[in-house]
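Content type compact mmCIF, C-alpha atoms and all ligand atoms, from the file model-v8.txt:
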# COMPACT_ATOMS: atom_id res chain seq x y z
CA MET A 40 -1.22 14.79 11.61
CA ALA A 41 -2.10 17.86 13.62
CA LYS A 42 0.99 17.43 15.76
CA LYS A 43 3.33 17.20 12.78
CA HIS A 44 6.83 18.51 13.48
CA TRP A 45 6.48 18.03 17.22
CA SER A 46 8.88 15.22 18.03
CA VAL A 47 8.06 15.69 21.72
CA PRO A 48 4.70 17.15 22.78
CA ALA A 49 4.96 20.82 23.81
CA THR A 50 3.73 20.06 27.32
CA GLU A 51 6.72 17.75 27.80
CA ALA A 52 9.34 19.63 25.82
CA LEU A 53 8.68 22.92 27.62
CA LYS A 54 8.39 21.66 31.19
CA ALA A 55 10.27 23.76 33.70
CA ASP A 56 11.30 20.75 35.80
CA GLY A 57 14.91 21.15 36.81
CA LEU A 58 15.57 23.66 34.04
CA LYS A 59 18.28 26.24 34.61
CA ILE A 60 17.39 29.51 32.93
CA ALA A 61 21.06 30.37 32.56
CA ASP A 62 21.44 27.32 30.29
CA LEU A 63 18.36 28.04 28.19
CA ASP A 64 18.86 28.64 24.47
CA THR A 65 16.30 31.41 23.98
CA SER A 66 16.44 30.93 20.20
CA GLY A 67 15.67 27.23 20.49
CA THR A 68 12.47 25.44 19.50
CA PRO A 69 12.37 22.52 21.96
CA GLY A 70 10.37 19.56 20.74
CA PHE A 71 9.70 21.17 17.36
CA ASP A 72 11.61 20.08 14.26
CA GLY A 73 10.09 22.38 11.66
CA ASP A 74 11.29 25.77 10.45
CA LYS A 75 9.50 29.13 10.59
CA ALA A 76 7.35 28.45 7.54
CA ALA A 77 6.26 25.08 8.91
CA GLY A 78 5.64 26.63 12.31
CA GLN A 79 3.47 29.37 10.88
CA GLU A 80 1.52 26.96 8.74
CA LEU A 81 0.89 24.73 11.74
CA LEU A 82 -0.04 27.71 13.89
CA ALA A 83 -2.78 28.65 11.42
CA GLU A 84 -4.18 25.12 11.67
CA ARG A 85 -3.89 24.88 15.41
CA THR A 86 -5.54 28.21 16.18
CA VAL A 87 -8.65 26.82 14.47
CA VAL A 88 -8.51 23.81 16.80
CA LEU A 89 -7.99 26.10 19.79
CA SER A 90 -10.90 28.27 18.80
CA GLY A 91 -13.21 25.24 18.49
CA LEU A 92 -12.24 23.96 21.93
CA GLN A 93 -12.66 27.38 23.49
CA GLU A 94 -16.14 27.67 22.02
CA LYS A 95 -17.02 24.38 23.71
CA LEU A 96 -15.65 25.66 27.01
CA TYR A 97 -17.72 28.81 26.68
CA ALA A 98 -20.84 26.85 25.74
CA ASN A 99 -20.42 24.63 28.80
CA GLY A 100 -19.90 27.67 31.00
CA ARG A 101 -23.18 29.11 29.72
CA SER A 102 -24.78 25.84 30.77
CA GLY A 103 -23.47 26.07 34.32
CA ASP A 104 -20.12 24.29 34.11
CA LEU A 105 -17.79 26.05 36.57
CA ARG A 106 -14.55 24.88 35.00
CA ASN A 107 -12.27 27.37 33.31
CA VAL A 108 -8.74 27.75 31.99
CA LEU A 109 -6.35 30.45 33.17
CA LEU A 110 -3.29 31.37 31.13
CA VAL A 111 -0.65 33.09 33.27
CA LEU A 112 1.93 34.96 31.20
CA GLN A 113 5.22 36.06 32.71
CA GLY A 114 8.28 37.39 30.97
CA MET A 115 10.72 40.27 30.88
CA ASP A 116 9.91 43.36 28.80
CA THR A 117 9.67 42.55 25.07
CA ALA A 118 9.38 38.80 25.73
CA GLY A 119 6.21 38.80 23.65
CA LYS A 120 3.38 38.56 26.15
CA GLY A 121 1.38 41.11 24.19
CA GLY A 122 1.95 39.15 20.99
CA ILE A 123 0.53 36.03 22.62
CA VAL A 124 -2.57 37.93 23.64
CA ARG A 125 -2.99 39.48 20.22
CA HIS A 126 -2.18 36.52 18.02
CA VAL A 127 -3.14 33.45 20.06
CA ILE A 128 -5.91 34.69 22.31
CA GLY A 129 -6.98 36.98 19.46
CA SER A 130 -7.93 33.92 17.45
CA VAL A 131 -10.72 32.85 19.81
CA ASP A 132 -14.17 34.28 20.53
CA PRO A 133 -13.66 37.39 22.71
CA GLN A 134 -16.92 36.72 24.55
CA GLY A 135 -15.23 33.81 26.26
CA VAL A 136 -12.00 35.61 27.13
CA ASP A 137 -11.37 37.33 30.43
CA HIS A 138 -8.16 39.32 30.07
CA HIS A 139 -6.36 41.22 32.82
CA ALA A 140 -3.01 42.98 32.74
CA PHE A 141 -1.34 43.65 36.07
CA GLY A 142 0.87 46.69 36.39
CA VAL A 143 2.22 48.62 39.35
CA PRO A 144 -0.45 48.24 42.05
CA THR A 145 -2.83 51.18 42.35
CA GLU A 146 -3.25 52.97 45.68
CA GLU A 147 -6.31 50.92 46.39
CA GLU A 148 -4.57 47.68 45.50
CA GLN A 149 -1.70 48.59 47.78
CA ARG A 150 -4.10 48.77 50.69
CA HIS A 151 -4.92 45.08 50.22
CA HIS A 152 -3.09 41.76 50.32
CA TYR A 153 -1.20 41.19 47.04
CA LEU A 154 -3.59 38.39 46.07
CA TRP A 155 -6.63 40.64 46.43
CA ARG A 156 -6.50 42.04 42.90
CA ILE A 157 -5.75 38.58 41.57
CA ARG A 158 -8.78 37.02 43.28
CA ASN A 159 -10.93 39.82 41.86
CA ALA A 160 -9.80 38.97 38.35
CA LEU A 161 -10.31 35.20 38.36
CA PRO A 162 -12.24 33.81 35.39
CA ARG A 163 -15.77 32.51 35.82
CA GLY A 164 -16.92 29.12 34.59
CA GLY A 165 -16.46 28.70 30.85
CA GLN A 166 -13.99 31.55 30.50
CA LEU A 167 -10.48 31.49 29.15
CA GLY A 168 -8.77 33.79 31.63
CA VAL A 169 -5.57 35.55 30.63
CA PHE A 170 -3.20 37.19 33.11
CA ASP A 171 -0.63 39.42 31.42
CA ARG A 172 1.70 39.48 34.45
CA SER A 173 0.21 38.19 37.64
CA HIS A 174 0.71 37.43 41.33
CA TYR A 175 4.19 36.30 40.30
CA GLU A 176 5.27 39.94 40.00
CA ASP A 177 5.09 39.87 43.79
CA VAL A 178 8.06 37.48 43.86
CA LEU A 179 9.79 38.95 40.77
CA VAL A 180 9.93 42.75 40.47
CA VAL A 181 9.18 42.99 44.19
CA ARG A 182 12.11 40.71 45.05
CA VAL A 183 14.51 42.28 42.56
CA HIS A 184 13.82 45.82 43.76
CA ASN A 185 13.31 45.02 47.44
CA LEU A 186 9.88 46.60 47.32
CA VAL A 187 9.11 44.69 50.50
CA PRO A 188 11.62 43.05 52.85
CA GLN A 189 12.65 39.45 52.23
CA LYS A 190 10.76 38.22 55.27
CA GLU A 191 7.62 39.39 53.48
CA TRP A 192 8.24 37.99 49.98
CA GLU A 193 9.87 34.76 51.09
CA PRO A 194 6.63 33.13 52.39
CA ARG A 195 4.82 34.08 49.19
CA TYR A 196 6.06 31.06 47.25
CA ASP A 197 4.26 28.67 49.59
CA GLU A 198 1.29 30.98 49.80
CA ILE A 199 1.00 31.08 46.00
CA ASN A 200 1.18 27.29 45.84
CA THR A 201 -1.65 27.01 48.36
CA PHE A 202 -3.66 29.62 46.45
CA GLU A 203 -3.20 27.80 43.15
CA ARG A 204 -4.11 24.47 44.76
CA GLU A 205 -7.43 26.05 45.77
CA LEU A 206 -7.99 27.36 42.25
CA VAL A 207 -7.35 23.95 40.75
CA ASP A 208 -9.66 22.29 43.29
CA GLU A 209 -12.36 24.78 42.31
CA GLY A 210 -12.12 23.83 38.64
CA THR A 211 -9.42 26.03 37.12
CA THR A 212 -6.82 24.56 34.80
CA LEU A 213 -3.73 26.73 35.12
CA VAL A 214 -1.42 27.16 32.15
CA LYS A 215 1.64 28.96 33.44
CA VAL A 216 4.04 30.26 30.84
CA ALA A 217 7.37 31.97 31.42
CA MET A 218 8.81 33.53 28.26
CA PHE A 219 12.49 34.28 27.88
CA VAL A 220 14.35 36.36 25.28
CA SER A 221 18.10 36.91 25.24
CA LEU A 222 19.54 40.28 26.26
CA ASP A 223 20.57 40.82 22.62
CA GLU A 224 17.12 40.06 21.29
CA GLN A 225 15.61 42.36 23.90
CA LYS A 226 17.93 45.15 22.77
CA LYS A 227 16.83 44.64 19.15
CA ARG A 228 13.17 44.75 20.13
CA LEU A 229 13.62 47.87 22.27
CA MET A 230 15.58 49.51 19.45
CA GLU A 231 12.74 48.78 17.06
CA ARG A 232 10.34 50.45 19.48
CA LEU A 233 12.50 53.55 19.30
CA GLU A 234 12.79 53.49 15.52
CA ARG A 235 9.16 52.99 14.61
CA PRO A 236 6.51 55.58 15.44
CA ASP A 237 3.90 52.82 15.51
CA LYS A 238 5.86 51.21 18.34
CA TYR A 239 6.71 54.23 20.53
CA TRP A 240 3.67 53.47 22.65
CA LYS A 241 5.21 50.22 23.71
CA PHE A 242 8.42 51.85 24.91
CA ASN A 243 9.03 52.78 28.48
CA PRO A 244 12.38 54.44 29.38
CA SER A 245 12.53 52.31 32.52
CA ASP A 246 12.79 49.20 30.31
CA ILE A 247 16.41 50.23 29.67
CA ASP A 248 17.12 50.54 33.41
CA GLU A 249 15.62 47.12 34.01
CA ARG A 250 18.23 45.58 31.69
CA GLY A 251 20.79 46.37 34.39
CA PHE A 252 18.91 44.07 36.72
CA TRP A 253 18.99 41.10 34.33
CA PRO A 254 21.04 38.80 36.63
CA ALA A 255 18.77 39.59 39.58
CA TYR A 256 15.72 38.87 37.43
CA GLN A 257 17.25 35.57 36.28
CA GLU A 258 17.72 34.61 39.91
CA ALA A 259 14.17 35.62 40.79
CA TYR A 260 12.72 33.77 37.79
CA GLN A 261 14.75 30.69 38.69
CA ALA A 262 13.44 30.74 42.27
CA MET A 263 9.91 31.16 40.92
CA LEU A 264 10.27 28.11 38.66
CA ASP A 265 11.98 26.03 41.34
CA ARG A 266 9.48 26.82 44.05
CA THR A 267 6.13 27.21 42.32
CA SER A 268 6.16 24.57 39.61
CA THR A 269 3.84 21.95 41.05
CA ASP A 270 2.23 18.85 39.63
CA TYR A 271 -1.16 20.60 39.71
CA ALA A 272 0.11 23.89 38.25
CA PRO A 273 3.41 23.35 36.44
CA TRP A 274 5.43 26.09 34.78
CA HIS A 275 6.33 25.93 31.13
CA VAL A 276 9.39 27.72 29.86
CA ILE A 277 9.21 29.19 26.37
CA PRO A 278 12.32 30.28 24.49
CA ALA A 279 10.91 33.44 22.94
CA ASP A 280 13.48 34.87 20.52
CA ARG A 281 11.40 33.40 17.70
CA LYS A 282 7.92 34.84 17.96
CA TRP A 283 6.37 32.21 15.70
CA PHE A 284 7.62 29.50 18.05
CA SER A 285 6.37 31.07 21.27
CA ARG A 286 2.94 31.59 19.72
CA LEU A 287 2.78 28.03 18.47
CA ALA A 288 4.01 26.70 21.81
CA VAL A 289 1.39 28.57 23.85
CA THR A 290 -1.30 27.49 21.39
CA GLU A 291 -0.31 23.86 21.94
CA LEU A 292 -0.30 24.27 25.73
CA LEU A 293 -3.79 25.77 25.65
CA ILE A 294 -5.06 23.04 23.33
CA ASP A 295 -3.67 20.45 25.71
CA ALA A 296 -5.34 22.10 28.72
CA LEU A 297 -8.70 22.33 26.96
CA THR A 298 -8.48 18.81 25.59
CA GLY A 299 -7.82 17.61 29.15
CA LEU A 300 -11.25 18.91 30.16
CA ASP A 301 -12.79 16.36 27.79
CA LEU A 302 -15.53 18.77 26.81
CA ASP A 303 -18.59 17.88 24.82
CA TRP A 304 -21.31 20.19 23.55
CA PRO A 305 -23.83 20.77 26.33
CA PRO A 306 -27.00 18.74 25.77
CA ALA A 307 -30.25 20.53 24.94
CA ASN A 308 -32.31 21.40 28.01
CA PHE A 309 -35.47 21.13 25.90
CA ASP A 310 -37.11 18.44 23.79
CA VAL A 311 -35.47 18.94 20.40
CA ALA A 312 -38.13 17.07 18.38
CA GLU A 313 -40.90 18.99 20.06
CA GLN A 314 -39.25 22.33 19.38
CA GLN A 315 -38.67 21.34 15.73
CA ARG A 316 -42.39 20.55 15.40
CA ARG A 317 -43.37 23.84 17.03
CA LEU A 318 -41.05 25.82 14.82
CA ALA A 319 -42.34 24.12 11.65
CA GLN A 320 -45.82 25.31 12.57
CA ALA A 321 -44.84 28.78 13.70
P1 LIG A 401 4.06 46.04 30.20
O1 LIG A 401 5.44 46.47 30.58
O2 LIG A 401 3.77 44.61 30.56
O3 LIG A 401 3.67 46.40 28.80
P2 LIG A 401 3.12 48.13 31.93
O4 LIG A 401 3.84 49.18 31.19
O5 LIG A 401 1.79 48.39 32.52
O6 LIG A 401 3.00 46.80 31.09
O7 LIG A 401 4.15 47.66 33.06
C1 LIG A 401 3.82 46.86 34.05
C2 LIG A 401 4.84 47.15 35.15
O8 LIG A 401 4.21 46.91 36.38
C3 LIG A 401 6.05 46.26 35.06
O9 LIG A 401 7.23 47.01 35.17
C4 LIG A 401 5.88 45.36 36.27
O10 LIG A 401 7.08 44.93 36.82
C5 LIG A 401 5.12 46.25 37.21
N1 LIG A 401 4.38 45.50 38.22
C6 LIG A 401 3.46 44.54 38.02
N2 LIG A 401 3.05 44.03 39.18
C7 LIG A 401 3.73 44.68 40.15
C8 LIG A 401 3.74 44.59 41.56
N3 LIG A 401 2.97 43.72 42.21
N4 LIG A 401 4.55 45.43 42.23
C9 LIG A 401 5.34 46.32 41.57
N5 LIG A 401 5.37 46.44 40.25
C10 LIG A 401 4.58 45.63 39.54

Target encoding structure tokens, full file:
Amino acid sequence: MAKKHWSVPATEALKADGLKIADLDTSGTPGFDGDKAAGQELLAERTVVLSGLQEKLYANGRSGDLRNVLLVLQGMDTAGKGGIVRHVIGSVDPQGVDHHAFGVPTEEEQRHHYLWRIRNALPRGGQLGVFDRSHYEDVLVVRVHNLVPQKEWEPRYDEINTFERELVDEGTTLVKVAMFVSLDEQKKRLMERLERPDKYWKFNPSDIDERGFWPAYQEAYQAMLDRTSTDYAPWHVIPADRKWFSRLAVTELLIDALTGLDLDWPPANFDVAEQQRRLAQA
């Protein structure tokens, strides 16, 4: 019942395998047959499921389990990364969330290898880590704007794969999500940011300049998907023109990742009956 309206599970329907971004219908809802109302209703149900699973992850982490889940969010400006954090991650217990947003590297970060700041932000056992942008910026914006020469960014794809292999071997389940809006939808969303005082804070004049680099970004995103979607850390591609769909889709991907950990409540590390007796007498 819980999966109603999904004709194909989200993990399958959103797989990046062989997908060409240029062919993507950003207003589509792959695998999902319902409309907005059905999607929103399901989202409300599924965030409860997500929250329950995340509590179990957190509880296990408190009991010494080193496993964790790391959501990696990538997408062009206005793709809705912030909305995922607010509406999906916002539905779980913040104690168990380890959120990091990665912007232009600080002076200190620039003095280190590009993975340095990433390694410093990795979630501990039991945490649901969230990367709003990530090490992938180092093969996206860096590639598009030639911030380092090609001979420097080119080896990063393999290096990132090796890095992620290590993370997985150490107990991290990676959920990598690339969100795509159309140029038209992006224009609408930027326009709204300029029309509403409560949205000015989200606007950055350079977002308009970046639109001119759309084809270069498409190429860079395609290379990222082609070269860093692995069996141990696959990419998922989310058509993001419909916010309700992208939120539902990411919720399903997280539920799938957490379910895969096959978590149970950690057993008591004390004699329950004895403690009940003691408490009755206290
Ligand atoms: P957002 O646009 O996600 O709301 P910010 O306004 O902080 O957040 O913007 C983040 C900016 O930092 C983006 O333009 C992004 O391309 C840039 N950025 C992130 N990582 C890097 C990096 N490694 N090198 C250069 N720029 C980066």

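Between ligand LIG 401 (chain A) and the residues A:Leu179, A:Leu58, A:Val108, A:Leu53, the shortest atom-to-atom distance, using all atoms listed in the file, involves A:Leu179.
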
Enumerate as a PyMOL selection string the residues within 7 Å of ligand LIG 401 (chain A), counting only C-alpha atoms and all ligand atoms.
chain A and resi 116+141-144+153+171-174+176-177+180-181+241+243

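Rounded to one decimal, CA of Asp72 (chain A) and CA of Leu292 (chain A) lie 17.1 Å from each other.
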
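Between CA of Asn159 (chain A) and CA of Leu112 (chain A) lies a distance of 17.4 Å.
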
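Interatomic distance, CA of Ala296 (chain A) against CA of Ala262 (chain A): 24.7 Å.
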
Would you mind listing what lies within 12 Å of Asp132 (chain A) as a list in words, with all atoms listed in the file counted and same-chain residues fewer than 5 positions away left out?
Thr86, Val87, Leu89, Ser90, Gly91, Leu92, Gln93, Glu94, Lys95, Leu96, Tyr97, Ala98, Val127, Asp137, Gly165, Gln166 and Leu167 of chain A

Given the point (-2.3, 28.3, 44.3) in the coordinates of this file, which residues lie within 12 Å, counting all atoms listed in the file, and how would they look as a ChimeraX atom specification?
/A:154,157-158,174-175,195-209,211-213,215,266-273

List the spatial neighbours of Arg286 (chain A) as a PyMOL selection string - criterion: any atom at most 9 Å away, only C-alpha atoms, same-chain residues fewer than 5 positions off excluded.
chain A and resi 82+119+122-123+126-127+279+281+291

Using all atoms listed in the file, the residue out of A:Gly210, A:Asp265, A:Leu293, A:Arg101 with shortest distance to Val169 (chain A) is A:Leu293

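The point (15.5, 43.7, 23.0) has these residues within 12 Å of it when only C-alpha atoms are used: Met115, Asp116, Thr117, Ala118, Gly119, Phe219, Val220, Ser221, Leu222, Asp223, Glu224, Gln225, Lys226, Lys227, Arg228, Leu229, Met230, Glu231, Arg232, Leu233, Phe242, Asp246, Ile247, Glu249, Arg250, Ala279 and Asp280 of chain A.
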
Long-range neighbours of His275 (chain A) as a PyMOL selection string, 6 Å cut-off, only C-alpha atoms, 2 positions minimum in chain
chain A and resi 53-55+216

Kindly indicate which residue among A:Leu300, A:Leu110, A:Leu287, A:Leu63 lies nearest to Ala76 (chain A), using all atoms listed in the file for the distances.
A:Leu287

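The nearest approach to Glu80 (chain A) among the residues A:Ser130, A:His44, A:Gln149, A:Asp248, with all atoms listed in the file taken into account, belongs to A:His44.
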
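For the choices A:Gly114, A:Gly129, A:Gly251, A:Pro162, the atom-to-atom distance to Val276 (chain A) is smallest for A:Gly114 when using only C-alpha atoms.
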
Could you give me region 247-276 of chain A completed to N, CA and C atoms, formatted as a short mmCIF file (atom, residue, chain, number, x, y, z; two decimals), in the frame of the given file?
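Resulting contents of result-v3.cif:
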data_model
loop_
_atom_site.label_atom_id
_atom_site.label_comp_id
_atom_site.auth_asym_id
_atom_site.auth_seq_id
_atom_site.Cartn_x
_atom_site.Cartn_y
_atom_site.Cartn_z
N ILE A 247 14.95 50.25 29.84
CA ILE A 247 16.41 50.23 29.67
C ILE A 247 17.09 50.04 31.03
N ASP A 248 16.55 50.71 32.05
CA ASP A 248 17.12 50.54 33.41
C ASP A 248 16.99 49.09 33.86
N GLU A 249 15.86 48.49 33.54
CA GLU A 249 15.62 47.12 34.01
C GLU A 249 16.64 46.13 33.45
N ARG A 250 17.20 46.46 32.27
CA ARG A 250 18.23 45.58 31.69
C ARG A 250 19.42 45.39 32.64
N GLY A 251 19.68 46.44 33.42
CA GLY A 251 20.79 46.37 34.39
C GLY A 251 20.52 45.37 35.50
N PHE A 252 19.27 45.00 35.65
CA PHE A 252 18.91 44.07 36.72
C PHE A 252 18.74 42.64 36.21
N TRP A 253 19.20 42.40 34.98
CA TRP A 253 18.99 41.10 34.33
C TRP A 253 19.40 39.92 35.22
N PRO A 254 20.64 39.95 35.79
CA PRO A 254 21.04 38.80 36.63
C PRO A 254 20.11 38.60 37.83
N ALA A 255 19.67 39.69 38.42
CA ALA A 255 18.77 39.59 39.58
C ALA A 255 17.42 39.02 39.13
N TYR A 256 16.99 39.43 37.95
CA TYR A 256 15.72 38.87 37.43
C TYR A 256 15.88 37.38 37.13
N GLN A 257 17.03 37.00 36.57
CA GLN A 257 17.25 35.57 36.28
C GLN A 257 17.15 34.76 37.56
N GLU A 258 17.74 35.30 38.61
CA GLU A 258 17.72 34.61 39.91
C GLU A 258 16.28 34.51 40.42
N ALA A 259 15.55 35.60 40.30
CA ALA A 259 14.17 35.62 40.79
C ALA A 259 13.28 34.68 39.96
N TYR A 260 13.50 34.68 38.65
CA TYR A 260 12.72 33.77 37.79
C TYR A 260 13.07 32.32 38.11
N GLN A 261 14.36 32.07 38.35
CA GLN A 261 14.75 30.69 38.69
C GLN A 261 14.08 30.24 39.98
N ALA A 262 14.07 31.09 40.98
CA ALA A 262 13.44 30.74 42.27
C ALA A 262 11.95 30.49 42.05
N MET A 263 11.34 31.32 41.21
CA MET A 263 9.91 31.16 40.92
C MET A 263 9.65 29.77 40.30
N LEU A 264 10.46 29.42 39.31
CA LEU A 264 10.27 28.11 38.66
C LEU A 264 10.53 26.98 39.64
N ASP A 265 11.60 27.11 40.41
CA ASP A 265 11.98 26.03 41.34
C ASP A 265 10.94 25.83 42.43
N ARG A 266 10.32 26.92 42.84
CA ARG A 266 9.48 26.82 44.05
C ARG A 266 7.98 26.83 43.78
N THR A 267 7.58 27.16 42.57
CA THR A 267 6.13 27.21 42.32
C THR A 267 5.70 26.37 41.12
N SER A 268 6.59 25.50 40.66
CA SER A 268 6.16 24.57 39.61
C SER A 268 5.70 23.30 40.31
N THR A 269 4.41 23.08 40.32
CA THR A 269 3.84 21.95 41.05
C THR A 269 3.21 20.97 40.07
N ASP A 270 2.86 19.80 40.56
CA ASP A 270 2.23 18.85 39.63
C ASP A 270 0.84 19.35 39.20
N TYR A 271 0.18 20.12 40.08
CA TYR A 271 -1.16 20.60 39.71
C TYR A 271 -1.12 21.91 38.94
N ALA A 272 0.00 22.63 39.01
CA ALA A 272 0.11 23.89 38.25
C ALA A 272 1.56 24.09 37.82
N PRO A 273 2.00 23.29 36.85
CA PRO A 273 3.41 23.35 36.44
C PRO A 273 3.73 24.59 35.60
N TRP A 274 4.96 25.02 35.68
CA TRP A 274 5.43 26.09 34.78
C TRP A 274 5.90 25.50 33.46
N HIS A 275 5.71 26.26 32.42
CA HIS A 275 6.33 25.93 31.13
C HIS A 275 7.25 27.07 30.75
N VAL A 276 8.39 26.72 30.23
CA VAL A 276 9.39 27.72 29.86
C VAL A 276 9.44 27.80 28.35
#
